[in-house]
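Below is one structure; the comments refer to it alone.
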There are 2 protein chains.
Amino acid sequence: MASKKVSGKGNSSGLRANAAVRISHTATPSSVRDANRSIILNLIRLHQPISRAALSERTGIYRSNVSGIVEDLVARDLVVEKRGKPEGRGRVPIFLSLKADGFWVLGINMRAQRTTVALAGLTGELCAQTDFDTPSEPGVLISEVAAAARRLNGGREIQQVAMSLPGLVHSDSGLVRWIPKLPAYSGFNMASELQKALGVPAAVDNDCNLGALAEMWLSEAENDHIRDFVFLEIGEVGVGAGILLNRELYRGHDCTLAAEFGHMIVDPNGPQCACGRHGCWELFVCDHAAWNNYAPGSHFNPARYERYLKAAAAGDLDARRAAQRTARYLSLGISNIAFALNPAVIVVAGKVTSIWDAVRTTVEEAFASTKLKVYVRPAKLEAGEMFLRGAIHLALSKVFARPKLGW
Amino acid sequence: MASKKVSGKGNSSGLRANAAVRISHTATPSSVRDANRSIILNLIRLHQPISRAALSERTGIYRSNVSGIVEDLVARDLVVEKRGKPEGRGRVPIFLSLKADGFWVLGINMRAQRTTVALAGLTGELCAQTDFDTPSEPGVLISEVAAAARRLNGGREIQQVAMSLPGLVHSDSGLVRWIPKLPAYSGFNMASELQKALGVPAAVDNDCNLGALAEMWLSEAENDHIRDFVFLEIGEVGVGAGILLNRELYRGHDCTLAAEFGHMIVDPNGPQCACGRHGCWELFVCDHAAWNNYAPGSHFNPARYERYLKAAAAGDLDARRAAQRTARYLSLGISNIAFALNPAVIVVAGKVTSIWDAVRTTVEEAFASTKLKVYVRPAKLEAGEMFLRGAIHLALSKVFARPKLGW
DNA sequence: ATTATTTTGTTGCGAATAAGAACAAAATAG
DNA sequence: CTATTTTGTTCTTATTCGCAACAAAATAAT
């Protein structure tokens, strides 16, 4: 096997320089390889184990060329060969798979109360995990994360870190703008501090954006491809959301504030929201609101809320009736989102999904009379788990992302 | 000057073939040229006249290579050279511009009452235009358009046609799904029938999608680049909209039904909408609603409505007060859109823009208390004009669109 | 006036890449 | 035991970009 160097470099990251307005991502011969390598790598991810011939068949790229690209991927430690078993006649194919230990990433899910840190390989499977109380000072968080990383890595060299944050983040710069109940985090550059402390490139994003990302990866894994969808988290006091269009996160023009569906006004005569406006959707559908539909006036308490959900799931009439009230408001906002974006799917996370069977019909009612064909379904995993997976996939996207070309 | 052939062909359109799932747009060496040619052509469009050296400077592509690409563009009849005047020392640059007569397109704006057909060159400037009453049968429309095309073209060979339609269209296939008051159009494949009748490739899209496209081109022309925005048309009885994200139209997963902001519910206790639901936004902000805010109960009539708008613009107190009521509802829905998508700009078209100075402050009020920085402004031209321009730009996009690469 | 400098555009070569043809390898089918 | 089929490799050709050297055409300096 001819020993070739790992190809690449190129200027696929786009030239930038002294003078005025440098435009866009110009292409060079090696951009072609970048693009095709990305296609092949992702096909291996989705269909492993798979032979070079099958890759050629799927992509239309010549076998000889597939071989070259695979050689490249093997040299980068991303792919391994495994001799397959003969099936039918002809030469026995060599199967290709992701090299599970070729690239280690750290995913971090920070929540208001607790923070989880997990180590994962190239396939995205978690292989170690730990958590701790979220400190009120971001600097302390950073050192706790660093300590957790040392505990978890066991000699493995981590190559990329990503973090999910329960608030407003400028994901391009890594700057935290605002996290509920944690004022000390505002203005803290989480990405660059993580990078400094861990000595590894770091990325951060809003939790629900990452939930959307996780949902896409989990869907792809079961060949249930969706390119456009909205991820919704119905939380204790609010609603978070992430928008994925054409397989990419849409974050709004300021890279921070899109998908604030919770603050869409659904009743101008409704009660006042913390944001100052009246009748925001989240006032009607968050867990507190749901609890209030069940036991008006009584104090919210997570344990009691869980009991109410169990009762509703079990068929308790009062609980069911309250759940229907919440579901009608859910339906209202979800249909508004559907009218706005018409995504293929709206994925819902949060405690309410535990009684999804009870609310599903009511939620779907708002679409019954319309031409919209939007499928509403619960997330594949519990919300916190989705955020953690999302962080891992954000970290892995440095490997799997498709290169930008054109302008 | 060495005579080289027009390069290209390649498989940049993506391979598709017999077997199962063929994926995506694989790259070849000529895809590189496709990408760079597109970059250069668009820079010429935006900064004409411009020299090869300046193009090289802006893109980072080597001068020698820019020369090769320009040679290609000249061979395709898209670009012309013009000797410039010496400025400063050094060799006199050769300026490049779009070849205004290199590519002719037909843009068609179909409205419920009247249909406009216009001829334009590569720069998008209209050079001839005609219109006729919209027939109730789509077949008749096609022949009227064909007749108009013969009247307009004057020996020039039209290379691409595009049409704006005031209803639901599946823009990929060209199939009309529904146009208000014109039932005969449902199920008619406008794109393929146009193509058949005119012998030229045809594309169709929803009017407000094209309005968004036109707004982008007009903004680019004045160096006011916006990549993410929403185009809103406040119409007589409803609200239409188009979403442009990352310089591309977002049409929803079914390629038809996105951006139906008019049917977002803003008051569940509101009156019933034609769509069957209650309290849709358009019930509060369309021209009929605005008129009803001014003269409750009295019959809507375009001429009377215009008089009301004039009165409001002139400062008439009653008219102003009514306009404020409408503006508050406008504000409500526009802020909902802003919370959902956080676009850089929301562009508003429709008659209400004639009193924009009077309503602007009220519309902006809903953002005052928020962290959103969304700029709301009237469209550059009157709504119908925007749709026509949009059709022309859709036709021209066959030349200017950036090639797809990757997956 | 003459020469140096600067800017623009062209020519020619080398490197990266994919397409395609020919070939080698390794299995089954007959 | 040979023919066939499938997989993967090797080698050649074409396209494209980057880069250096050069030619052309203006101004600036002397």
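Residue numbering restarts at 1 in every chain; chains get A, B, ... in the order shown in the structure tokens, and ligands count up from 1 in that same order.
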
- Exercise answer, chain D residues close to chain B, 9 Å and only C-alpha atoms (C1' of nucleotides), as a VMD selection string: chain D and resid 15 to 19 24 to 28

What are the closest atom pairs, with distances in Å to one decimal, for all residues of chain A lying within 8 Å of chain B? Consider only C-alpha atoms, order rows by chain and residue number, and present the result as JSON lines.
{"residue": "A:Leu15", "atom": "CA", "partner": "B:Gly60", "partner_atom": "CA", "distance": 6.1}
{"residue": "A:Arg16", "atom": "CA", "partner": "B:Gly60", "partner_atom": "CA", "distance": 7.9}
{"residue": "A:Ala20", "atom": "CA", "partner": "B:Arg58", "partner_atom": "CA", "distance": 7.7}
{"residue": "A:Val21", "atom": "CA", "partner": "B:Arg58", "partner_atom": "CA", "distance": 6.4}
{"residue": "A:Arg22", "atom": "CA", "partner": "B:Arg58", "partner_atom": "CA", "distance": 4.9}
{"residue": "A:Ile23", "atom": "CA", "partner": "B:Thr59", "partner_atom": "CA", "distance": 5.6}
{"residue": "A:Ser24", "atom": "CA", "partner": "B:Thr59", "partner_atom": "CA", "distance": 7.3}
{"residue": "A:Thr26", "atom": "CA", "partner": "B:Asn36", "partner_atom": "CA", "distance": 6.0}
{"residue": "A:Ala27", "atom": "CA", "partner": "B:Val32", "partner_atom": "CA", "distance": 5.3}
{"residue": "A:Thr28", "atom": "CA", "partner": "B:Val32", "partner_atom": "CA", "distance": 6.1}
{"residue": "A:Pro29", "atom": "CA", "partner": "B:Pro29", "partner_atom": "CA", "distance": 6.1}
{"residue": "A:Ser31", "atom": "CA", "partner": "B:Val32", "partner_atom": "CA", "distance": 7.4}
{"residue": "A:Val32", "atom": "CA", "partner": "B:Ala27", "partner_atom": "CA", "distance": 5.3}
{"residue": "A:Arg33", "atom": "CA", "partner": "B:Ala27", "partner_atom": "CA", "distance": 7.6}
{"residue": "A:Ala35", "atom": "CA", "partner": "B:Gly406", "partner_atom": "CA", "distance": 5.1}
{"residue": "A:Asn36", "atom": "CA", "partner": "B:Thr26", "partner_atom": "CA", "distance": 6.0}
{"residue": "A:Ser38", "atom": "CA", "partner": "B:Gly406", "partner_atom": "CA", "distance": 7.4}
{"residue": "A:Ile39", "atom": "CA", "partner": "B:Trp407", "partner_atom": "CA", "distance": 6.5}
{"residue": "A:Glu57", "atom": "CA", "partner": "B:Arg22", "partner_atom": "CA", "distance": 7.8}
{"residue": "A:Arg58", "atom": "CA", "partner": "B:Arg22", "partner_atom": "CA", "distance": 4.9}
{"residue": "A:Thr59", "atom": "CA", "partner": "B:Ile23", "partner_atom": "CA", "distance": 5.6}
{"residue": "A:Gly60", "atom": "CA", "partner": "B:Leu15", "partner_atom": "CA", "distance": 6.2}
{"residue": "A:Ile61", "atom": "CA", "partner": "B:Thr26", "partner_atom": "CA", "distance": 7.4}
{"residue": "A:Asp228", "atom": "CA", "partner": "B:His253", "partner_atom": "CA", "distance": 6.4}
{"residue": "A:Arg251", "atom": "CA", "partner": "B:Leu341", "partner_atom": "CA", "distance": 8.0}
{"residue": "A:Gly252", "atom": "CA", "partner": "B:Asn342", "partner_atom": "CA", "distance": 4.9}
{"residue": "A:His253", "atom": "CA", "partner": "B:Ala344", "partner_atom": "CA", "distance": 5.3}
{"residue": "A:Asp254", "atom": "CA", "partner": "B:Ala344", "partner_atom": "CA", "distance": 7.7}
{"residue": "A:Leu257", "atom": "CA", "partner": "B:Asn342", "partner_atom": "CA", "distance": 6.3}
{"residue": "A:Ala258", "atom": "CA", "partner": "B:Asn342", "partner_atom": "CA", "distance": 4.9}
{"residue": "A:Ala259", "atom": "CA", "partner": "B:Ala340", "partner_atom": "CA", "distance": 4.5}
{"residue": "A:Glu260", "atom": "CA", "partner": "B:Phe339", "partner_atom": "CA", "distance": 5.0}
{"residue": "A:Phe261", "atom": "CA", "partner": "B:Ala340", "partner_atom": "CA", "distance": 5.3}
{"residue": "A:His263", "atom": "CA", "partner": "B:Phe339", "partner_atom": "CA", "distance": 6.6}
{"residue": "A:Met264", "atom": "CA", "partner": "B:Asn336", "partner_atom": "CA", "distance": 4.7}
{"residue": "A:Ile265", "atom": "CA", "partner": "B:Val266", "partner_atom": "CA", "distance": 6.3}
{"residue": "A:Val266", "atom": "CA", "partner": "B:Val266", "partner_atom": "CA", "distance": 4.5}
{"residue": "A:Asp267", "atom": "CA", "partner": "B:Asp267", "partner_atom": "CA", "distance": 4.7}
{"residue": "A:Pro268", "atom": "CA", "partner": "B:Asp267", "partner_atom": "CA", "distance": 6.6}
{"residue": "A:Cys275", "atom": "CA", "partner": "B:Thr370", "partner_atom": "CA", "distance": 7.4}
{"residue": "A:Gly276", "atom": "CA", "partner": "B:Ser369", "partner_atom": "CA", "distance": 7.0}
{"residue": "A:Leu332", "atom": "CA", "partner": "B:Ile265", "partner_atom": "CA", "distance": 7.2}
{"residue": "A:Ser335", "atom": "CA", "partner": "B:Met264", "partner_atom": "CA", "distance": 7.6}
{"residue": "A:Asn336", "atom": "CA", "partner": "B:Met264", "partner_atom": "CA", "distance": 4.7}
{"residue": "A:Ile337", "atom": "CA", "partner": "B:Met264", "partner_atom": "CA", "distance": 7.8}
{"residue": "A:Ala338", "atom": "CA", "partner": "B:Ala258", "partner_atom": "CA", "distance": 7.9}
{"residue": "A:Phe339", "atom": "CA", "partner": "B:Glu260", "partner_atom": "CA", "distance": 5.0}
{"residue": "A:Ala340", "atom": "CA", "partner": "B:Ala259", "partner_atom": "CA", "distance": 4.5}
{"residue": "A:Leu341", "atom": "CA", "partner": "B:Ala258", "partner_atom": "CA", "distance": 4.9}
{"residue": "A:Asn342", "atom": "CA", "partner": "B:Gly252", "partner_atom": "CA", "distance": 4.9}
{"residue": "A:Pro343", "atom": "CA", "partner": "B:His253", "partner_atom": "CA", "distance": 5.4}
{"residue": "A:Ala344", "atom": "CA", "partner": "B:His253", "partner_atom": "CA", "distance": 5.3}
{"residue": "A:Ser369", "atom": "CA", "partner": "B:Gly276", "partner_atom": "CA", "distance": 7.0}
{"residue": "A:Thr370", "atom": "CA", "partner": "B:Cys275", "partner_atom": "CA", "distance": 7.3}
{"residue": "A:Leu372", "atom": "CA", "partner": "B:Leu257", "partner_atom": "CA", "distance": 7.3}
{"residue": "A:Arg402", "atom": "CA", "partner": "B:Gly406", "partner_atom": "CA", "distance": 6.2}
{"residue": "A:Pro403", "atom": "CA", "partner": "B:Gly406", "partner_atom": "CA", "distance": 7.1}
{"residue": "A:Leu405", "atom": "CA", "partner": "B:Leu405", "partner_atom": "CA", "distance": 6.9}
{"residue": "A:Gly406", "atom": "CA", "partner": "B:Ala35", "partner_atom": "CA", "distance": 5.2}
{"residue": "A:Trp407", "atom": "CA", "partner": "B:Ile39", "partner_atom": "CA", "distance": 6.5}

Output the selection as a compact mmCIF listing (two decimals), in the first residue's frame - C-alpha atoms for each residue.
# COMPACT_ATOMS: atom_id res chain seq x y z
CA LEU A 15 -8.79 33.38 3.09
CA ARG A 16 -8.86 36.42 5.25
CA ALA A 20 -11.28 45.50 3.08
CA VAL A 21 -13.99 42.94 2.50
CA ARG A 22 -12.61 39.51 1.80
CA ILE A 23 -15.41 37.34 0.64
CA SER A 24 -16.26 33.80 1.39
CA THR A 26 -13.08 30.02 -2.27
CA ALA A 27 -12.42 26.56 -3.59
CA THR A 28 -9.12 24.85 -4.38
CA PRO A 29 -8.40 21.38 -5.68
CA SER A 31 -11.53 21.51 -1.24
CA VAL A 32 -12.80 18.79 -3.51
CA ARG A 33 -11.14 16.22 -1.33
CA ALA A 35 -16.01 17.69 0.45
CA ASN A 36 -15.74 14.11 -0.70
CA SER A 38 -16.73 14.42 4.49
CA ILE A 39 -19.31 12.57 2.40
CA GLU A 57 -21.96 2.59 -5.39
CA ARG A 58 -23.75 5.00 -3.06
CA THR A 59 -21.86 8.11 -4.00
CA GLY A 60 -20.94 7.60 -7.62
CA ILE A 61 -17.33 8.28 -6.71
CA ASP A 228 -35.89 20.50 9.14
CA ARG A 251 -29.45 30.71 15.68
CA GLY A 252 -30.79 34.05 14.52
CA HIS A 253 -28.91 36.98 13.09
CA ASP A 254 -27.20 37.74 16.38
CA LEU A 257 -31.71 34.79 20.35
CA ALA A 258 -33.68 32.73 17.85
CA ALA A 259 -36.35 30.19 18.69
CA GLU A 260 -37.71 32.05 21.70
CA PHE A 261 -41.10 30.56 21.03
CA HIS A 263 -42.29 34.47 24.43
CA MET A 264 -44.59 34.49 21.47
CA ILE A 265 -47.79 36.14 22.65
CA VAL A 266 -50.79 33.86 22.38
CA ASP A 267 -53.20 36.00 24.37
CA PRO A 268 -52.71 39.76 24.61
CA CYS A 275 -40.22 39.51 30.25
CA GLY A 276 -42.62 42.39 30.76
CA LEU A 332 -51.94 26.43 20.25
CA SER A 335 -49.47 24.97 15.71
CA ASN A 336 -48.21 28.55 15.63
CA ILE A 337 -44.69 27.21 15.24
CA ALA A 338 -45.91 24.87 12.53
CA PHE A 339 -47.55 27.72 10.62
CA ALA A 340 -44.40 29.79 10.91
CA LEU A 341 -41.81 27.21 9.89
CA ASN A 342 -43.67 24.14 8.70
CA PRO A 343 -40.95 21.78 9.86
CA ALA A 344 -41.26 18.07 9.13
CA SER A 369 -58.33 21.32 10.14
CA THR A 370 -55.20 22.55 8.35
CA LEU A 372 -50.05 21.26 7.55
CA ARG A 402 -19.48 19.28 5.94
CA PRO A 403 -17.02 21.85 4.66
CA LEU A 405 -17.74 26.11 -0.11
CA GLY A 406 -18.96 28.96 -2.25
CA TRP A 407 -20.23 32.15 -0.68

- Message: Could you list, as a ChimeraX atom specification, every residue within 8 Å of A:Ala162, counting only C-alpha atoms (C1' of nucleotides) and ignoring same-chain residues fewer than 5 positions away?
- Response: /A:105-108,202-205,391-392,394-395

Residues from the last selection, C-alpha atoms, saved as a PDB file, in the first residue's frame:
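File written: selection_26.pdb
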ATOM      1  CA  VAL A 105     -14.344  14.404  23.051  1.00  0.00           C
ATOM      2  CA  LEU A 106     -15.733  15.806  26.259  1.00  0.00           C
ATOM      3  CA  GLY A 107     -19.376  16.818  26.425  1.00  0.00           C
ATOM      4  CA  ILE A 108     -20.642  18.974  29.253  1.00  0.00           C
ATOM      5  CA  ALA A 202     -13.950  24.256  22.958  1.00  0.00           C
ATOM      6  CA  ALA A 203     -17.408  25.181  21.692  1.00  0.00           C
ATOM      7  CA  VAL A 204     -20.550  26.124  23.544  1.00  0.00           C
ATOM      8  CA  ASP A 205     -24.187  26.444  22.669  1.00  0.00           C
ATOM      9  CA  ALA A 391     -22.799  18.718  23.441  1.00  0.00           C
ATOM     10  CA  ILE A 392     -20.933  15.582  22.429  1.00  0.00           C
ATOM     11  CA  LEU A 394     -21.260  19.514  18.735  1.00  0.00           C
ATOM     12  CA  ALA A 395     -17.749  18.493  19.717  1.00  0.00           C
TER      13      ALA A 395
END

- Using only C-alpha atoms (C1' of nucleotides), find which residues of chain C lie within 12 Å of chain A and jot them down as a list in words. DA15, DA16, DT17, DA18, DA19, DG20, DA21, DA24, DA25, DA26, DA27, DT28 and DA29 of chain C

- Message: Can you measure atom CA of B:Ala75 to atom CA of B:Leu96 for me? One decimal in Å is fine.
- Response: 13.3 Å

- Message: Based on the backbone DSSP call, show me all residues of stretch 113-151 of chain A assigned helix (DSSP H, G or I), as a list in words.
- Response: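 Taking stretch 113-151 of chain A and keeping helix (DSSP H, G or I) gives Pro138, Gly139, Val140, Leu141, Ile142, Ser143, Glu144, Val145, Ala146, Ala147, Ala148, Ala149, Arg150 and Arg151 of chain A.
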
- Residues flagged strand (DSSP E) by DSSP in stretch 9-119 of chain A, as a PyMOL selection string: chain A and resi 50-51+79-83+94-98+104-110+114-119

Store the residues picked out above in a file with N, CA and C atoms, as a compact mmCIF listing (two decimals), in the first residue's frame.
# COMPACT_ATOMS: atom_id res chain seq x y z
N ILE A 50 -19.04 -0.98 6.21
CA ILE A 50 -19.38 -0.83 4.79
C ILE A 50 -18.10 -0.92 3.97
N SER A 51 -18.18 -1.48 2.79
CA SER A 51 -16.98 -1.67 1.95
C SER A 51 -16.74 -0.46 1.05
N VAL A 79 -10.85 6.01 10.76
CA VAL A 79 -11.52 4.83 10.20
C VAL A 79 -10.59 3.62 10.33
N VAL A 80 -11.17 2.45 10.58
CA VAL A 80 -10.38 1.22 10.62
C VAL A 80 -10.94 0.20 9.64
N GLU A 81 -10.03 -0.65 9.15
CA GLU A 81 -10.45 -1.74 8.26
C GLU A 81 -10.68 -2.99 9.10
N LYS A 82 -11.65 -3.77 8.68
CA LYS A 82 -11.88 -5.05 9.34
C LYS A 82 -12.22 -6.03 8.23
N ARG A 83 -11.50 -7.15 8.19
CA ARG A 83 -11.79 -8.11 7.15
C ARG A 83 -13.19 -8.66 7.33
N ILE A 94 -13.40 -5.58 2.26
CA ILE A 94 -12.81 -5.12 3.51
C ILE A 94 -13.80 -4.12 4.10
N PHE A 95 -14.29 -4.41 5.30
CA PHE A 95 -15.27 -3.51 5.88
C PHE A 95 -14.60 -2.35 6.60
N LEU A 96 -15.22 -1.22 6.50
CA LEU A 96 -14.71 -0.01 7.13
C LEU A 96 -15.66 0.42 8.24
N SER A 97 -15.08 0.84 9.36
CA SER A 97 -15.89 1.38 10.45
C SER A 97 -15.18 2.59 11.04
N LEU A 98 -15.93 3.37 11.80
CA LEU A 98 -15.30 4.45 12.55
C LEU A 98 -14.33 3.83 13.55
N TRP A 104 -11.26 11.51 20.88
CA TRP A 104 -12.01 11.60 22.15
C TRP A 104 -12.52 13.01 22.36
N VAL A 105 -13.78 13.09 22.76
CA VAL A 105 -14.34 14.40 23.05
C VAL A 105 -14.98 14.41 24.44
N LEU A 106 -15.08 15.61 24.97
CA LEU A 106 -15.73 15.81 26.26
C LEU A 106 -17.01 16.59 26.01
N GLY A 107 -18.12 16.08 26.51
CA GLY A 107 -19.38 16.82 26.42
C GLY A 107 -19.80 17.23 27.81
N ILE A 108 -20.27 18.46 27.94
CA ILE A 108 -20.64 18.97 29.25
C ILE A 108 -22.06 19.51 29.20
N ASN A 109 -22.89 19.03 30.10
CA ASN A 109 -24.23 19.58 30.20
C ASN A 109 -24.36 20.34 31.50
N MET A 110 -24.34 21.64 31.40
CA MET A 110 -24.52 22.46 32.58
C MET A 110 -26.00 22.78 32.75
N ARG A 114 -27.17 21.12 38.54
CA ARG A 114 -26.10 20.15 38.43
C ARG A 114 -25.46 20.17 37.06
N THR A 115 -24.20 19.81 37.02
CA THR A 115 -23.47 19.79 35.76
C THR A 115 -22.91 18.39 35.52
N THR A 116 -23.10 17.89 34.31
CA THR A 116 -22.63 16.56 33.96
C THR A 116 -21.51 16.67 32.95
N VAL A 117 -20.48 15.84 33.14
CA VAL A 117 -19.36 15.80 32.19
C VAL A 117 -19.24 14.37 31.69
N ALA A 118 -19.12 14.19 30.39
CA ALA A 118 -19.02 12.84 29.85
C ALA A 118 -17.95 12.77 28.78
N LEU A 119 -17.33 11.60 28.70
CA LEU A 119 -16.32 11.35 27.69
C LEU A 119 -16.92 10.44 26.63

Close residues, B:Pro302 itself excluded, 10 Å, only C-alpha atoms (C1' of nucleotides), min 4 positions apart in chain, as a PDB file with C-alpha atoms, in the first residue's frame:
ATOM      1  CA  GLU B 236     -56.400  43.188   1.744  1.00  0.00           C
ATOM      2  CA  ASP B 287     -56.527  45.977   5.214  1.00  0.00           C
ATOM      3  CA  HIS B 288     -60.094  44.917   5.974  1.00  0.00           C
ATOM      4  CA  TRP B 291     -60.576  49.646   7.765  1.00  0.00           C
ATOM      5  CA  GLU B 306     -56.866  54.771   0.245  1.00  0.00           C
ATOM      6  CA  ARG B 307     -58.605  57.928   1.412  1.00  0.00           C
ATOM      7  CA  TYR B 308     -58.374  56.757   5.001  1.00  0.00           C
TER       8      TYR B 308
END

- Message: Could you list, as a VMD selection string, every residue within 7 Å of B:Val363, counting only C-alpha atoms (C1' of nucleotides) and ignoring same-chain residues fewer than 5 positions away?
- Response: chain B and resid 327 to 328 330 to 331

Write the selection just made, keeping N, CA and C atoms, as a PDB file, in the first residue's frame?
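The result, written out as out37.pdb:
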ATOM      1  N   ALA B 327     -51.742  49.222  14.329  1.00  0.00           N
ATOM      2  CA  ALA B 327     -50.301  49.126  14.549  1.00  0.00           C
ATOM      3  C   ALA B 327     -49.978  48.277  15.774  1.00  0.00           C
ATOM      4  N   ARG B 328     -50.823  48.374  16.801  1.00  0.00           N
ATOM      5  CA  ARG B 328     -50.554  47.568  17.983  1.00  0.00           C
ATOM      6  C   ARG B 328     -50.641  46.074  17.666  1.00  0.00           C
ATOM      7  N   LEU B 330     -50.201  44.830  14.629  1.00  0.00           N
ATOM      8  CA  LEU B 330     -49.035  44.578  13.775  1.00  0.00           C
ATOM      9  C   LEU B 330     -47.825  44.263  14.644  1.00  0.00           C
ATOM     10  N   SER B 331     -47.635  45.121  15.618  1.00  0.00           N
ATOM     11  CA  SER B 331     -46.526  44.988  16.546  1.00  0.00           C
ATOM     12  C   SER B 331     -46.509  43.626  17.220  1.00  0.00           C
TER      13      SER B 331
END

- Message: Rounded to one decimal, what separation in Å do you get between atom CA of A:Tyr185 and atom CA of A:Met163?
- Response: 13.9 Å

- Show which residues sit within 12 Å of stretch 352-355 of chain A, as a PyMOL selection string. Count only C-alpha atoms (C1' of nucleotides), and ignore same-chain residues fewer than 4 positions away. chain A and resi 232-236+239+285-291+305-316+319-320+322-324+326-327+330+347-348+359-361+363+376-383
